[in-house]
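A short write-up of the structure that comes next.
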Amino acid sequence: MKLMWHRHSCLCWFLVCINVSAAPRIFYSKYFKGSVPEYVSITVERNGDVVYQEAKTDDNPIKLHLPDADVQELFGLADKLERFQHPLESGLKVAHMGTKTFRFEDGVEKHEVEFNYSSDPLAQAMWDWFERIGESERHLIDLERAVRYDKLGANDALLLLQITYEHKRLVAPEQFLTLLDRVAKNESFVHIARERAAALAEAFRKPAMTPQEKTQQ
């Protein structure tokens, strides 16, 4: 009898440990043959940690961190979409836009849905979030490549980064600061690139305005 109770206690403790250690996460992937890149996956943890990959076996993924407000918005959208327990495909006759996957994981709970195009505004909002993350990481990859191997092309990479920022599509801008400071302080880059890098770094370092401050502008 004591042995059975002991086993039962161990099992309960094991299940408790699983529930404690497992944190909610949202997974997104997109496969579109012929696009660059063809495959992208993004995993967002509840604590804001994000992993961006351009291959299922990517040995060197990009890691970034989202502020709490962004994480709250993403997980709020997932909850409104009932954690992807229902189809999102519109059923409309539209061009193939790539196979997209949303997956919600929370311990033993796991729900996944695939679609080409969704007319659901909530699904579109979540899709746009991941598109913006993907755009941001492509800018990071392109800027890093230019800084290392194409100093004359760095200004073009910085201009595209600036445009994305001005259109409010840049995610986690602080991840660019190391590269921007490197360009701004290095005279081997053309003057306009150094000026642009310094201006972007200054803008990215400014604290984000609260909703109240935005309304007062």
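Each chain in the structure tokens gets a letter, A, B, ..., in the order shown, and its residues are numbered from 1; ligands are numbered from 1 in order too.
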
Taking the chain letters and numbering used in this document, name the residues of segment 3-186 of chain A that DSSP puts in strand (DSSP E), as a PyMOL selection string.
chain A and resi 25-31+39-45+49-53+62-65+99-106+109-115

Mind checking which residues fall within 12 Å of Phe130 of chain A, counting only C-alpha atoms, ignoring those fewer than 4 positions away in the same chain, and posting them as a VMD selection string?
chain A and resid 26 to 30 40 to 44 50 to 52 70 to 71 74 100 to 102 123 to 126 134 to 137 169 to 171

Of the candidates A:Leu152, A:Leu200, A:Ala95, A:Leu158, which shows the shortest atom-to-atom distance to His139 of chain A, using only C-alpha atoms?
A:Leu158

Using only C-alpha atoms, which protein or nucleic acid residues come within 10 Å of Gly98 of chain A? Drop anything in the same chain fewer than 4 positions from it, and give the result as a VMD selection string.
chain A and resid 29 to 35 38 to 39 115 to 117

Keeping C-alpha atoms, export the residues of the selection given above as a PDB file, in the first residue's frame.
```pdb
ATOM      1  CA  SER A  29       6.242  28.920 -40.101  1.00  0.00           C
ATOM      2  CA  LYS A  30       5.900  29.766 -43.773  1.00  0.00           C
ATOM      3  CA  TYR A  31       6.995  27.734 -46.771  1.00  0.00           C
ATOM      4  CA  PHE A  32       6.837  29.331 -50.196  1.00  0.00           C
ATOM      5  CA  LYS A  33       8.819  27.576 -52.884  1.00  0.00           C
ATOM      6  CA  GLY A  34      10.890  29.981 -54.958  1.00  0.00           C
ATOM      7  CA  SER A  35      10.805  32.827 -52.434  1.00  0.00           C
ATOM      8  CA  GLU A  38      11.775  29.617 -48.989  1.00  0.00           C
ATOM      9  CA  TYR A  39      11.242  28.648 -45.361  1.00  0.00           C
ATOM     10  CA  PHE A 115      -3.630  27.975 -44.299  1.00  0.00           C
ATOM     11  CA  ASN A 116      -2.721  29.744 -47.505  1.00  0.00           C
ATOM     12  CA  TYR A 117      -4.937  32.787 -47.029  1.00  0.00           C
TER      13      TYR A 117
END
```

Would you please work out which residue, of A:Leu88, A:Ala69, A:Ile133, A:Ala197, is nearest to Ala154 of chain A when using only C-alpha atoms?
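Using only C-alpha atoms, the shortest distance to Ala154 of chain A belongs to A:Ala197.
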
Skipping near chain neighbours, those fewer than 4 positions away, what residues fall within 9 Å of Glu195 of chain A using only C-alpha atoms, listed as a list in words?
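The contact residues come out as Val183, Ala184, Val190, His191, Ala199 and Leu200 of chain A.
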
Proximity to His86 of chain A - best of A:Glu45, A:Asp120, A:Glu73, A:Asp106, only C-alpha atoms
A:Asp120

Hey, can you check how far atom CA of Lys80 of chain A sits from atom CA of Pro121 of chain A?
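Pair atom CA of Lys80 of chain A / atom CA of Pro121 of chain A returns 10.9 Å.
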
Atomic separation - atom CA of Pro207 of chain A relative to atom CA of Pro24 of chain A, Å
27.9 Å

Report, in Å to a single decimal, how far apart atom CA of Leu66 of chain A and atom CA of Lys151 of chain A are.
29.4 Å

With a distance cut-off of 12 Å and only C-alpha atoms, select the neighbouring residues of Arg148 of chain A, excluding the residue or stretch itself and same-chain residues fewer than 6 positions from it, and output the selection as a list of chain:residue names.
A:Ile141, A:Asp142, A:Ala154, A:Leu179, A:Arg182, A:Val183, A:Ser188, A:Phe189

Pull the alpha helix (DSSP H) assignments for segment 61-210 of chain A out of DSSP run on the backbone, and list those residues as a PyMOL selection string.
chain A and resi 68-80+121-149+154-166+177-184+191-205

Counting only C-alpha atoms, figure out which residue out of A:Ala23, A:Pro61, A:Trp129, A:Phe84 gets nearest to Glu114 of chain A.
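Under the stated criterion, the closest residue is A:Phe84.
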
Nearest to Arg25 of chain A by atom-to-atom distance, counting only C-alpha atoms, from A:Glu109, A:Leu81, A:Glu89, A:Thr57:
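Using only C-alpha atoms, Arg25 of chain A sits closest to A:Glu109.
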
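Comparing A:Glu187, A:Ala201, A:Gly48, A:Arg145 by their smallest distance to Tyr165 of chain A, the closest is A:Ala201 (using only C-alpha atoms).
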